[in-house]
Amino acid sequence: MMKELLKELCLADGVSGDEGAVRDLIISKVKDVCQYSIDDLGNLICFRKGRKAPKKKLMICAHMDEVGFMVTYIRSDGTLRFDCVGGIDPSVVIGRRVKVGSSRISGVIGSTAVHNLSKEQREKAPDIDSLYIDIGASSREEAEKYVFLGDCVYFDAEFAELGEHCVRSKAIDDRAGCAIMIKLMQEKPDYDTYFVFNVQEEIGLRGSAVSSFSVAPDFAIVLEATTAADIDGVTGEKRVCELGRGPVVSFMDKRTIYDKELYRLAFDLATCQTKTMIAGGNDAGSIHISGKGVRTISVSVPCRYLHSPSSVIDMSDLVSSYKLVKNLSKRIPLL
Amino acid sequence: MDLKKTVTELAEASGTSGSEEDAAGLALSMLRQFCPDAAISGGNVIGRFGTHVEGRPSLVLDAHIDQVGFAVTAVTDEGFIKVGNIGGIDRRLLPAQPVVIHGKSDIKGVICSTPPHLTNGRTPVPEISDIAIDAGMSRAELEQIVSSGDTITFDAVCRDLIGTRITGGALDDRCGVAAVLYALELLGGAETAYNVTVIFSTQEEVGERGAKIGAFAVDPDIAIAVDVSFGFAMGEDETKCGYLGSGPMIGVSPSLSREISDSLAAAAEAEDIPYQTEVMCGLTSTNADRYAVSRCGAKTCTVSIPLRNMHTPVEVIDLTDVELTAKLLAAFIKEG
């Protein structure tokens, strides 16, 4: 059941600043169990009544946006110049299918045929500047019938099952977190809880800065997908975290030093792993220093090939992360 | 014939060089509609078209049925699949590329991509020996399904672009196969100038090996290799490319027969079919290179469909060019 929910969420398109389709899908799943509002940036703030009203306020959040691109120019030959929205490695951009704009026109990001590359060119991934999106138009006039400057561009990727446990998709970062929240909201929590679906995480933790100010929680649980490097040829601490070993709870990343009591509580409650390198950052970075300060923990699903159209997670980690968050929400000292 | 459907079905079949069974089986079933006794011989799909009349010159229409890909070389203790390449692969686009592993059953996977914290944000272009495929399984699970020598292709489906253009993997050279099939349909039961045999040949991408034995077996007087060639796009040398949508590219080369090149051009002009001239100053790197020097030799030419992003999962063609290629082939075969 979580797999179906994750699939539906991942296949929705929502590049930063353009999260409407994802938000509408989430609203359709939670509207009967909560009171919700949408703020000026597009954050979806849901209040879920629990069995008890706590003294302290708990916020659980995830971000709705995904990395992608925007059309910045239409060339005279009908190809589209584009730029990245969020951090994307150029080597996961060439040779991919994309969808452009609100009518989701199909396009491809092509590259010079390998036959025609010099020895040096074959060894270097091209810069984004030298790439183009080909929608099949042969002139600017033709392309302009279908595309507008500023149109968002989404990876066109299938949601596929890999083996018994794993799935491969775009946008697992952070629809995995959204899926956990929807599942939590569908059960009545012990305590009243704010569930917040944020916008614009990938371009600098923008949505969460605003929503955490307006909710003004005492405690926050940030749900994420984080880089796992447990791949062939990478050993020891450089793996950072591994698939199939449960939720990732960090003591520190590039944006946040986490609340120590909450960190220890997570390890008391479940088999967790921590990151073996101080890397990455997420909405916790803006949340923990919001207002008077927020005691914050992040729970992440380990994810290979993050920010690519072929991210991979182990579904068992999604389930164990959900269980951990559920237990945390009962045990965080809210009374 | 629904040309787009034919191209799409062929392009979505799998068949790396030496393992063409899936694609060749599909092409055979399509060819039998026009050549009822077509069969697979030495891997190649071979069919005689219409009545062969003694004394008429024999002509082969060739398109290759294979595609580039990978072969499984090993499975690591952790369950990652190591590979070798089959044909020319652009290594720059491999990280995080989705693939299908053709084991006992087809399973999905993805080529491992090293995350930015280990590369300072810029993934180096991997050597083939460095790449590994993640199928989300343990070694024990994989060994039930995958063996050394199994093949791997890009997980690419076809998509419509705007107008008459489409994208997909293996359009090189399944669109050529479709053009040949459509040419046969256009010919119907018409009188032809030649005894026509169709060969959908194997192993072009590893050195035109299927065409070598196909050419020997059929021994034609004239051979036309229907393949793809470089379609102009940003980053390509315009002087060495054809344009998408401007019609088939007729080859001119010292290794090809100028007589056939000229006849093809004349047929195009007579029928008002737009065409482009592709000048190559030596060999053509197509099956034409094999037909020309098989047995006592054959008068050979290339007819190519312009294609962008060759050997990638996002090859792009204009279906108009496939249609015009078929019309050109039909006109040439009818008139001689």
# chains A, B, ... in the order shown; residues from 1 in each chain; ligands from 1
call {"tool": "interface_residues", "arguments": {"of": "chain A", "to": "chain B", "cutoff": "8 Å", "atoms": "only C-alpha atoms", "output": "JSON, numbers by chain"}}
result
{"A": [89, 90, 91, 92, 93, 94, 95, 96, 97, 105, 106, 107, 108, 109, 110, 111, 112, 113, 114, 115, 116, 122, 123, 124, 125, 130, 132, 135, 136, 137, 160, 161, 162, 163, 164, 165, 166, 167, 168, 227, 229, 231, 232, 238, 279, 305, 306, 308, 309, 310, 311, 314]}
call {"tool": "residues_around", "arguments": {"residues": "B:Lys299", "least_positions_apart": "5", "cutoff": "9 Å", "atoms": "only C-alpha atoms", "output": "list in words"}}
result
Pro220, Asp221, Ile222, Ala223, Ile224, Leu256, Ser257, Arg258, Glu259, Ile260, Tyr291 and Ala292 of chain B
call {"tool": "atom_distance", "arguments": {"atom1": "atom CA of B:Asp262", "atom2": "atom CA of B:Cys301"}}
result
9.9 Å
call {"tool": "residues_around", "arguments": {"residues": "A:Cys272", "least_positions_apart": "6", "cutoff": "6 Å", "atoms": "only C-alpha atoms", "output": "ChimeraX atom specification"}}
result
/A:246-248
call {"tool": "closest_residue", "arguments": {"among": "A:Val294, A:Val33, A:Ala228, A:Leu184", "to": "A:Lys330", "atoms": "only C-alpha atoms"}}
result
A:Leu184
call {"tool": "closest_residue", "arguments": {"among": "A:Val299, A:Leu80, A:Val85, A:Leu269", "to": "A:Gly14", "atoms": "only C-alpha atoms"}}
result
A:Val85
call {"tool": "atom_distance", "arguments": {"atom1": "atom CA of A:Ile221", "atom2": "atom CA of A:Leu6"}}
result
19.5 Å
call {"tool": "atom_distance", "arguments": {"atom1": "atom CA of B:Glu54", "atom2": "atom CA of B:Ala193"}}
result
11.7 Å
call {"tool": "closest_residue", "arguments": {"among": "B:Ser148, B:Thr153, B:Ser285, B:Ser105", "to": "B:Ser14", "atoms": "only C-alpha atoms"}}
result
B:Thr153
call {"tool": "residues_around", "arguments": {"residues": "stretch 35-39 of chain B", "least_positions_apart": "4", "cutoff": "6 Å", "atoms": "only C-alpha atoms", "output": "PDB file with C-alpha atoms, in the first residue's frame"}}
result
ATOM      1  CA  LEU B  31       8.298  -9.560 -43.050  1.00  0.00           C
ATOM      2  CA  VAL B  45      16.181 -12.630 -41.209  1.00  0.00           C
ATOM      3  CA  ILE B  46      16.068 -13.404 -44.943  1.00  0.00           C
ATOM      4  CA  GLY B  47      13.044 -13.277 -47.242  1.00  0.00           C
ATOM      5  CA  ARG B  48      12.532 -13.394 -51.010  1.00  0.00           C
ATOM      6  CA  PHE B  49      10.057 -10.780 -52.213  1.00  0.00           C
TER       7      PHE B  49
END
call {"tool": "select_by_dssp", "arguments": {"residues": "stretch 52-257 of chain B", "states": "strand (DSSP E)", "output": "PDB file with N, CA and C atoms, in the first residue's frame"}}
result
ATOM      1  N   SER B  58      19.716  -9.476 -59.356  1.00  0.00           N
ATOM      2  CA  SER B  58      19.228  -9.655 -57.985  1.00  0.00           C
ATOM      3  C   SER B  58      19.626  -8.456 -57.135  1.00  0.00           C
ATOM      4  N   LEU B  59      18.752  -8.111 -56.234  1.00  0.00           N
ATOM      5  CA  LEU B  59      18.981  -6.930 -55.387  1.00  0.00           C
ATOM      6  C   LEU B  59      18.671  -7.279 -53.939  1.00  0.00           C
ATOM      7  N   VAL B  60      19.557  -6.872 -53.046  1.00  0.00           N
ATOM      8  CA  VAL B  60      19.308  -7.047 -51.616  1.00  0.00           C
ATOM      9  C   VAL B  60      18.966  -5.705 -50.983  1.00  0.00           C
ATOM     10  N   LEU B  61      17.877  -5.700 -50.227  1.00  0.00           N
ATOM     11  CA  LEU B  61      17.567  -4.565 -49.344  1.00  0.00           C
ATOM     12  C   LEU B  61      17.980  -4.995 -47.945  1.00  0.00           C
ATOM     13  N   ASP B  62      18.965  -4.308 -47.382  1.00  0.00           N
ATOM     14  CA  ASP B  62      19.483  -4.691 -46.061  1.00  0.00           C
ATOM     15  C   ASP B  62      19.198  -3.604 -45.034  1.00  0.00           C
ATOM     16  N   ALA B  63      18.793  -4.044 -43.835  1.00  0.00           N
ATOM     17  CA  ALA B  63      18.789  -3.142 -42.674  1.00  0.00           C
ATOM     18  C   ALA B  63      19.243  -3.993 -41.500  1.00  0.00           C
ATOM     19  N   HIS B  64      20.007  -3.403 -40.592  1.00  0.00           N
ATOM     20  CA  HIS B  64      20.492  -4.262 -39.500  1.00  0.00           C
ATOM     21  C   HIS B  64      19.505  -4.286 -38.349  1.00  0.00           C
ATOM     22  N   GLY B  69      24.571  -2.165 -26.697  1.00  0.00           N
ATOM     23  CA  GLY B  69      24.149  -2.493 -25.333  1.00  0.00           C
ATOM     24  C   GLY B  69      25.330  -2.990 -24.516  1.00  0.00           C
ATOM     25  N   PHE B  70      25.043  -3.873 -23.597  1.00  0.00           N
ATOM     26  CA  PHE B  70      26.074  -4.393 -22.698  1.00  0.00           C
ATOM     27  C   PHE B  70      25.903  -5.896 -22.517  1.00  0.00           C
ATOM     28  N   ALA B  71      26.974  -6.543 -22.053  1.00  0.00           N
ATOM     29  CA  ALA B  71      26.892  -7.953 -21.668  1.00  0.00           C
ATOM     30  C   ALA B  71      27.317  -8.082 -20.214  1.00  0.00           C
ATOM     31  N   VAL B  72      26.637  -8.944 -19.477  1.00  0.00           N
ATOM     32  CA  VAL B  72      26.995  -9.211 -18.081  1.00  0.00           C
ATOM     33  C   VAL B  72      28.328  -9.962 -18.057  1.00  0.00           C
ATOM     34  N   THR B  73      29.279  -9.440 -17.288  1.00  0.00           N
ATOM     35  CA  THR B  73      30.559 -10.153 -17.167  1.00  0.00           C
ATOM     36  C   THR B  73      30.705 -10.808 -15.792  1.00  0.00           C
ATOM     37  N   ALA B  74      30.094 -10.211 -14.772  1.00  0.00           N
ATOM     38  CA  ALA B  74      30.238 -10.769 -13.420  1.00  0.00           C
ATOM     39  C   ALA B  74      29.177 -10.168 -12.511  1.00  0.00           C
ATOM     40  N   VAL B  75      28.910 -10.861 -11.416  1.00  0.00           N
ATOM     41  CA  VAL B  75      28.061 -10.306 -10.355  1.00  0.00           C
ATOM     42  C   VAL B  75      28.933 -10.231  -9.102  1.00  0.00           C
ATOM     43  N   PHE B  80      26.103  -6.293  -7.328  1.00  0.00           N
ATOM     44  CA  PHE B  80      26.185  -5.359  -8.450  1.00  0.00           C
ATOM     45  C   PHE B  80      26.651  -6.118  -9.690  1.00  0.00           C
ATOM     46  N   ILE B  81      26.076  -5.751 -10.830  1.00  0.00           N
ATOM     47  CA  ILE B  81      26.381  -6.448 -12.084  1.00  0.00           C
ATOM     48  C   ILE B  81      27.464  -5.670 -12.831  1.00  0.00           C
ATOM     49  N   LYS B  82      28.570  -6.342 -13.145  1.00  0.00           N
ATOM     50  CA  LYS B  82      29.637  -5.723 -13.935  1.00  0.00           C
ATOM     51  C   LYS B  82      29.420  -6.096 -15.402  1.00  0.00           C
ATOM     52  N   VAL B  83      29.843  -5.214 -16.287  1.00  0.00           N
ATOM     53  CA  VAL B  83      29.490  -5.387 -17.696  1.00  0.00           C
ATOM     54  C   VAL B  83      30.632  -5.070 -18.649  1.00  0.00           C
ATOM     55  N   GLY B  84      30.494  -5.534 -19.866  1.00  0.00           N
ATOM     56  CA  GLY B  84      31.302  -5.077 -20.988  1.00  0.00           C
ATOM     57  C   GLY B  84      30.355  -4.453 -22.004  1.00  0.00           C
ATOM     58  N   ASN B  85      30.897  -3.613 -22.902  1.00  0.00           N
ATOM     59  CA  ASN B  85      29.999  -2.980 -23.869  1.00  0.00           C
ATOM     60  C   ASN B  85      29.904  -3.806 -25.146  1.00  0.00           C
ATOM     61  N   ILE B  86      28.744  -3.718 -25.793  1.00  0.00           N
ATOM     62  CA  ILE B  86      28.521  -4.313 -27.111  1.00  0.00           C
ATOM     63  C   ILE B  86      28.285  -3.143 -28.049  1.00  0.00           C
ATOM     64  N   PRO B  98      18.655   4.268 -16.560  1.00  0.00           N
ATOM     65  CA  PRO B  98      17.881   3.036 -16.353  1.00  0.00           C
ATOM     66  C   PRO B  98      18.154   2.001 -17.453  1.00  0.00           C
ATOM     67  N   VAL B  99      18.206   0.736 -17.052  1.00  0.00           N
ATOM     68  CA  VAL B  99      18.496  -0.345 -18.001  1.00  0.00           C
ATOM     69  C   VAL B  99      17.564  -1.530 -17.752  1.00  0.00           C
ATOM     70  N   VAL B 100      17.520  -2.433 -18.736  1.00  0.00           N
ATOM     71  CA  VAL B 100      16.821  -3.706 -18.576  1.00  0.00           C
ATOM     72  C   VAL B 100      17.852  -4.817 -18.750  1.00  0.00           C
ATOM     73  N   ILE B 101      17.871  -5.751 -17.805  1.00  0.00           N
ATOM     74  CA  ILE B 101      18.783  -6.887 -17.892  1.00  0.00           C
ATOM     75  C   ILE B 101      17.978  -8.069 -18.428  1.00  0.00           C
ATOM     76  N   HIS B 102      18.443  -8.624 -19.546  1.00  0.00           N
ATOM     77  CA  HIS B 102      17.705  -9.717 -20.186  1.00  0.00           C
ATOM     78  C   HIS B 102      18.247 -11.052 -19.689  1.00  0.00           C
ATOM     79  N   ASP B 106      13.205 -10.640 -17.905  1.00  0.00           N
ATOM     80  CA  ASP B 106      13.717  -9.263 -17.989  1.00  0.00           C
ATOM     81  C   ASP B 106      13.556  -8.600 -16.630  1.00  0.00           C
ATOM     82  N   ILE B 107      14.639  -8.023 -16.111  1.00  0.00           N
ATOM     83  CA  ILE B 107      14.537  -7.285 -14.853  1.00  0.00           C
ATOM     84  C   ILE B 107      15.088  -5.877 -15.042  1.00  0.00           C
ATOM     85  N   LYS B 108      14.588  -4.972 -14.212  1.00  0.00           N
ATOM     86  CA  LYS B 108      14.991  -3.573 -14.336  1.00  0.00           C
ATOM     87  C   LYS B 108      16.188  -3.272 -13.446  1.00  0.00           C
ATOM     88  N   GLY B 109      16.982  -2.321 -13.860  1.00  0.00           N
ATOM     89  CA  GLY B 109      18.112  -1.896 -13.050  1.00  0.00           C
ATOM     90  C   GLY B 109      18.493  -0.471 -13.375  1.00  0.00           C
ATOM     91  N   VAL B 110      19.554  -0.015 -12.755  1.00  0.00           N
ATOM     92  CA  VAL B 110      20.052   1.343 -13.015  1.00  0.00           C
ATOM     93  C   VAL B 110      21.571   1.308 -12.899  1.00  0.00           C
ATOM     94  N   ILE B 111      22.230   2.069 -13.753  1.00  0.00           N
ATOM     95  CA  ILE B 111      23.694   2.136 -13.695  1.00  0.00           C
ATOM     96  C   ILE B 111      24.088   3.014 -12.513  1.00  0.00           C
ATOM     97  N   ALA B 132      28.821  -0.307 -12.843  1.00  0.00           N
ATOM     98  CA  ALA B 132      28.139  -1.443 -12.222  1.00  0.00           C
ATOM     99  C   ALA B 132      26.652  -1.154 -12.279  1.00  0.00           C
ATOM    100  N   ILE B 133      25.876  -2.209 -12.328  1.00  0.00           N
ATOM    101  CA  ILE B 133      24.423  -2.045 -12.417  1.00  0.00           C
ATOM    102  C   ILE B 133      23.769  -2.532 -11.129  1.00  0.00           C
ATOM    103  N   ASP B 134      22.871  -1.705 -10.644  1.00  0.00           N
ATOM    104  CA  ASP B 134      22.133  -1.947  -9.410  1.00  0.00           C
ATOM    105  C   ASP B 134      20.754  -2.469  -9.804  1.00  0.00           C
ATOM    106  N   THR B 151      22.437 -10.170 -21.813  1.00  0.00           N
ATOM    107  CA  THR B 151      22.598  -8.828 -22.368  1.00  0.00           C
ATOM    108  C   THR B 151      21.763  -7.797 -21.619  1.00  0.00           C
ATOM    109  N   ILE B 152      22.159  -6.551 -21.815  1.00  0.00           N
ATOM    110  CA  ILE B 152      21.531  -5.417 -21.122  1.00  0.00           C
ATOM    111  C   ILE B 152      21.293  -4.320 -22.157  1.00  0.00           C
ATOM    112  N   THR B 153      20.094  -3.744 -22.127  1.00  0.00           N
ATOM    113  CA  THR B 153      19.819  -2.607 -23.009  1.00  0.00           C
ATOM    114  C   THR B 153      19.325  -1.426 -22.175  1.00  0.00           C
ATOM    115  N   PHE B 154      19.392  -0.244 -22.759  1.00  0.00           N
ATOM    116  CA  PHE B 154      18.804   0.919 -22.100  1.00  0.00           C
ATOM    117  C   PHE B 154      17.305   0.686 -21.954  1.00  0.00           C
ATOM    118  N   ARG B 159       8.576   7.858 -27.472  1.00  0.00           N
ATOM    119  CA  ARG B 159       7.649   8.944 -27.146  1.00  0.00           C
ATOM    120  C   ARG B 159       7.452   9.791 -28.398  1.00  0.00           C
ATOM    121  N   ASP B 160       6.236  10.319 -28.546  1.00  0.00           N
ATOM    122  CA  ASP B 160       5.981  11.269 -29.629  1.00  0.00           C
ATOM    123  C   ASP B 160       6.560  12.623 -29.260  1.00  0.00           C
ATOM    124  N   ARG B 165       7.977  13.878 -35.426  1.00  0.00           N
ATOM    125  CA  ARG B 165       9.220  13.342 -34.854  1.00  0.00           C
ATOM    126  C   ARG B 165       8.928  12.445 -33.653  1.00  0.00           C
ATOM    127  N   ILE B 166       9.770  11.452 -33.475  1.00  0.00           N
ATOM    128  CA  ILE B 166       9.651  10.580 -32.307  1.00  0.00           C
ATOM    129  C   ILE B 166      11.032  10.344 -31.701  1.00  0.00           C
ATOM    130  N   THR B 167      11.036   9.944 -30.439  1.00  0.00           N
ATOM    131  CA  THR B 167      12.283   9.577 -29.775  1.00  0.00           C
ATOM    132  C   THR B 167      12.163   8.161 -29.244  1.00  0.00           C
ATOM    133  N   GLY B 168      13.307   7.498 -29.124  1.00  0.00           N
ATOM    134  CA  GLY B 168      13.341   6.148 -28.572  1.00  0.00           C
ATOM    135  C   GLY B 168      14.760   5.618 -28.592  1.00  0.00           C
ATOM    136  N   ASN B 195      15.108  -9.086 -58.895  1.00  0.00           N
ATOM    137  CA  ASN B 195      14.729 -10.156 -57.972  1.00  0.00           C
ATOM    138  C   ASN B 195      15.141  -9.693 -56.575  1.00  0.00           C
ATOM    139  N   VAL B 196      14.172  -9.346 -55.769  1.00  0.00           N
ATOM    140  CA  VAL B 196      14.453  -8.661 -54.508  1.00  0.00           C
ATOM    141  C   VAL B 196      14.508  -9.646 -53.340  1.00  0.00           C
ATOM    142  N   THR B 197      15.556  -9.544 -52.544  1.00  0.00           N
ATOM    143  CA  THR B 197      15.661 -10.296 -51.294  1.00  0.00           C
ATOM    144  C   THR B 197      15.903  -9.308 -50.160  1.00  0.00           C
ATOM    145  N   VAL B 198      15.210  -9.514 -49.064  1.00  0.00           N
ATOM    146  CA  VAL B 198      15.383  -8.646 -47.889  1.00  0.00           C
ATOM    147  C   VAL B 198      16.260  -9.360 -46.873  1.00  0.00           C
ATOM    148  N   ILE B 199      17.217  -8.651 -46.316  1.00  0.00           N
ATOM    149  CA  ILE B 199      18.026  -9.206 -45.219  1.00  0.00           C
ATOM    150  C   ILE B 199      17.998  -8.222 -44.048  1.00  0.00           C
ATOM    151  N   PHE B 200      17.471  -8.676 -42.902  1.00  0.00           N
ATOM    152  CA  PHE B 200      17.617  -7.915 -41.660  1.00  0.00           C
ATOM    153  C   PHE B 200      18.778  -8.565 -40.918  1.00  0.00           C
ATOM    154  N   SER B 201      19.920  -7.909 -40.967  1.00  0.00           N
ATOM    155  CA  SER B 201      21.171  -8.574 -40.608  1.00  0.00           C
ATOM    156  C   SER B 201      21.593  -8.313 -39.168  1.00  0.00           C
ATOM    157  N   ILE B 222      23.188  -6.290 -56.804  1.00  0.00           N
ATOM    158  CA  ILE B 222      23.072  -4.925 -56.271  1.00  0.00           C
ATOM    159  C   ILE B 222      22.656  -5.041 -54.805  1.00  0.00           C
ATOM    160  N   ALA B 223      23.212  -4.171 -53.949  1.00  0.00           N
ATOM    161  CA  ALA B 223      22.809  -4.178 -52.537  1.00  0.00           C
ATOM    162  C   ALA B 223      22.594  -2.745 -52.069  1.00  0.00           C
ATOM    163  N   ILE B 224      21.530  -2.552 -51.324  1.00  0.00           N
ATOM    164  CA  ILE B 224      21.285  -1.231 -50.713  1.00  0.00           C
ATOM    165  C   ILE B 224      21.208  -1.413 -49.206  1.00  0.00           C
ATOM    166  N   ALA B 225      22.119  -0.738 -48.516  1.00  0.00           N
ATOM    167  CA  ALA B 225      22.117  -0.783 -47.049  1.00  0.00           C
ATOM    168  C   ALA B 225      21.273   0.384 -46.553  1.00  0.00           C
ATOM    169  N   VAL B 226      20.179   0.039 -45.896  1.00  0.00           N
ATOM    170  CA  VAL B 226      19.277   1.071 -45.367  1.00  0.00           C
ATOM    171  C   VAL B 226      19.595   1.229 -43.880  1.00  0.00           C
ATOM    172  N   ASP B 227      20.197   2.338 -43.551  1.00  0.00           N
ATOM    173  CA  ASP B 227      20.663   2.529 -42.163  1.00  0.00           C
ATOM    174  C   ASP B 227      20.324   3.954 -41.744  1.00  0.00           C
ATOM    175  N   VAL B 228      20.854   4.352 -40.603  1.00  0.00           N
ATOM    176  CA  VAL B 228      20.682   5.740 -40.164  1.00  0.00           C
ATOM    177  C   VAL B 228      22.006   6.465 -40.330  1.00  0.00           C
ATOM    178  N   SER B 229      21.944   7.791 -40.410  1.00  0.00           N
ATOM    179  CA  SER B 229      23.175   8.581 -40.376  1.00  0.00           C
ATOM    180  C   SER B 229      22.936   9.831 -39.529  1.00  0.00           C
ATOM    181  N   PHE B 230      23.973  10.624 -39.388  1.00  0.00           N
ATOM    182  CA  PHE B 230      23.918  11.734 -38.438  1.00  0.00           C
ATOM    183  C   PHE B 230      22.961  12.826 -38.879  1.00  0.00           C
ATOM    184  N   MET B 249      19.049  10.145 -47.147  1.00  0.00           N
ATOM    185  CA  MET B 249      20.397  10.569 -47.535  1.00  0.00           C
ATOM    186  C   MET B 249      20.972   9.484 -48.446  1.00  0.00           C
ATOM    187  N   ILE B 250      21.214   9.854 -49.708  1.00  0.00           N
ATOM    188  CA  ILE B 250      21.766   8.887 -50.668  1.00  0.00           C
ATOM    189  C   ILE B 250      23.292   8.986 -50.599  1.00  0.00           C
ATOM    190  N   GLY B 251      23.955   7.851 -50.384  1.00  0.00           N
ATOM    191  CA  GLY B 251      25.404   7.840 -50.197  1.00  0.00           C
ATOM    192  C   GLY B 251      26.163   7.993 -51.498  1.00  0.00           C
ATOM    193  N   VAL B 252      27.247   8.738 -51.427  1.00  0.00           N
ATOM    194  CA  VAL B 252      28.206   8.835 -52.532  1.00  0.00           C
ATOM    195  C   VAL B 252      29.574   8.616 -51.923  1.00  0.00           C
TER     196      VAL B 252
END
call {"tool": "select_by_dssp", "arguments": {"residues": "stretch 94-291 of chain A", "states": "helix (DSSP H, G or I)", "output": "MDAnalysis selection string"}}
result
chainID A and resid 114:116 119:122 128:130 140:144 172:185 206:215 236:239 260:269 284:287
call {"tool": "closest_residue", "arguments": {"among": "B:Asp2, B:Asp150, B:Asp219, B:Glu12", "to": "B:Ser294", "atoms": "only C-alpha atoms"}}
result
B:Asp219
call {"tool": "closest_residue", "arguments": {"among": "A:Tyr258, A:Tyr73, A:Phe159, A:Phe195", "to": "A:Met59", "atoms": "only C-alpha atoms"}}
result
A:Phe195
call {"tool": "residues_around", "arguments": {"residues": "stretch 202-211 of chain B", "least_positions_apart": "6", "cutoff": "8 Å", "atoms": "only C-alpha atoms", "output": "list of chain:residue names"}}
result
B:Thr16, B:Ser17, B:Gly18, B:Glu20, B:Gly42, B:Gly43, B:Asn44, B:His64, B:Ile65, B:Asp66, B:Gln67, B:Val68, B:Ile86, B:Gly87, B:Gly88, B:Thr286, B:Asn287, B:Arg290, B:Tyr291
call {"tool": "decode", "arguments": {"residues": "stretch 57-68 of chain A", "atoms": "N, CA and C atoms", "output": "mmCIF file, in the first residue's frame"}}
result
data_model
loop_
_atom_site.group_PDB
_atom_site.id
_atom_site.type_symbol
_atom_site.label_atom_id
_atom_site.label_comp_id
_atom_site.auth_asym_id
_atom_site.auth_seq_id
_atom_site.Cartn_x
_atom_site.Cartn_y
_atom_site.Cartn_z
ATOM 1 N N LYS A 57 3.961 22.112 20.959
ATOM 2 C CA LYS A 57 3.472 21.930 19.601
ATOM 3 C C LYS A 57 4.472 21.092 18.784
ATOM 4 N N LEU A 58 3.960 20.065 18.116
ATOM 5 C CA LEU A 58 4.805 19.215 17.265
ATOM 6 C C LEU A 58 4.476 19.466 15.792
ATOM 7 N N MET A 59 5.539 19.635 15.007
ATOM 8 C CA MET A 59 5.367 19.766 13.554
ATOM 9 C C MET A 59 6.136 18.634 12.870
ATOM 10 N N ILE A 60 5.463 17.929 11.971
ATOM 11 C CA ILE A 60 6.141 16.929 11.130
ATOM 12 C C ILE A 60 6.087 17.466 9.709
ATOM 13 N N CYS A 61 7.226 17.463 9.009
ATOM 14 C CA CYS A 61 7.197 18.057 7.670
ATOM 15 C C CYS A 61 8.048 17.297 6.666
ATOM 16 N N ALA A 62 7.725 17.539 5.406
ATOM 17 C CA ALA A 62 8.499 17.024 4.274
ATOM 18 C C ALA A 62 8.344 18.046 3.165
ATOM 19 N N HIS A 63 9.195 17.973 2.137
ATOM 20 C CA HIS A 63 9.027 18.945 1.048
ATOM 21 C C HIS A 63 8.421 18.283 -0.176
ATOM 22 N N MET A 64 7.599 19.081 -0.875
ATOM 23 C CA MET A 64 6.866 18.578 -2.040
ATOM 24 C C MET A 64 7.669 18.722 -3.323
ATOM 25 N N ASP A 65 8.626 19.655 -3.360
ATOM 26 C CA ASP A 65 9.288 19.954 -4.632
ATOM 27 C C ASP A 65 10.353 18.923 -4.964
ATOM 28 N N GLU A 66 10.668 18.883 -6.264
ATOM 29 C CA GLU A 66 11.722 18.005 -6.780
ATOM 30 C C GLU A 66 12.661 18.841 -7.656
ATOM 31 N N VAL A 67 13.844 18.319 -7.917
ATOM 32 C CA VAL A 67 14.752 19.014 -8.829
ATOM 33 C C VAL A 67 14.243 18.864 -10.261
ATOM 34 N N GLY A 68 14.593 19.816 -11.102
ATOM 35 C CA GLY A 68 14.173 19.792 -12.504
ATOM 36 C C GLY A 68 14.850 20.924 -13.250
#
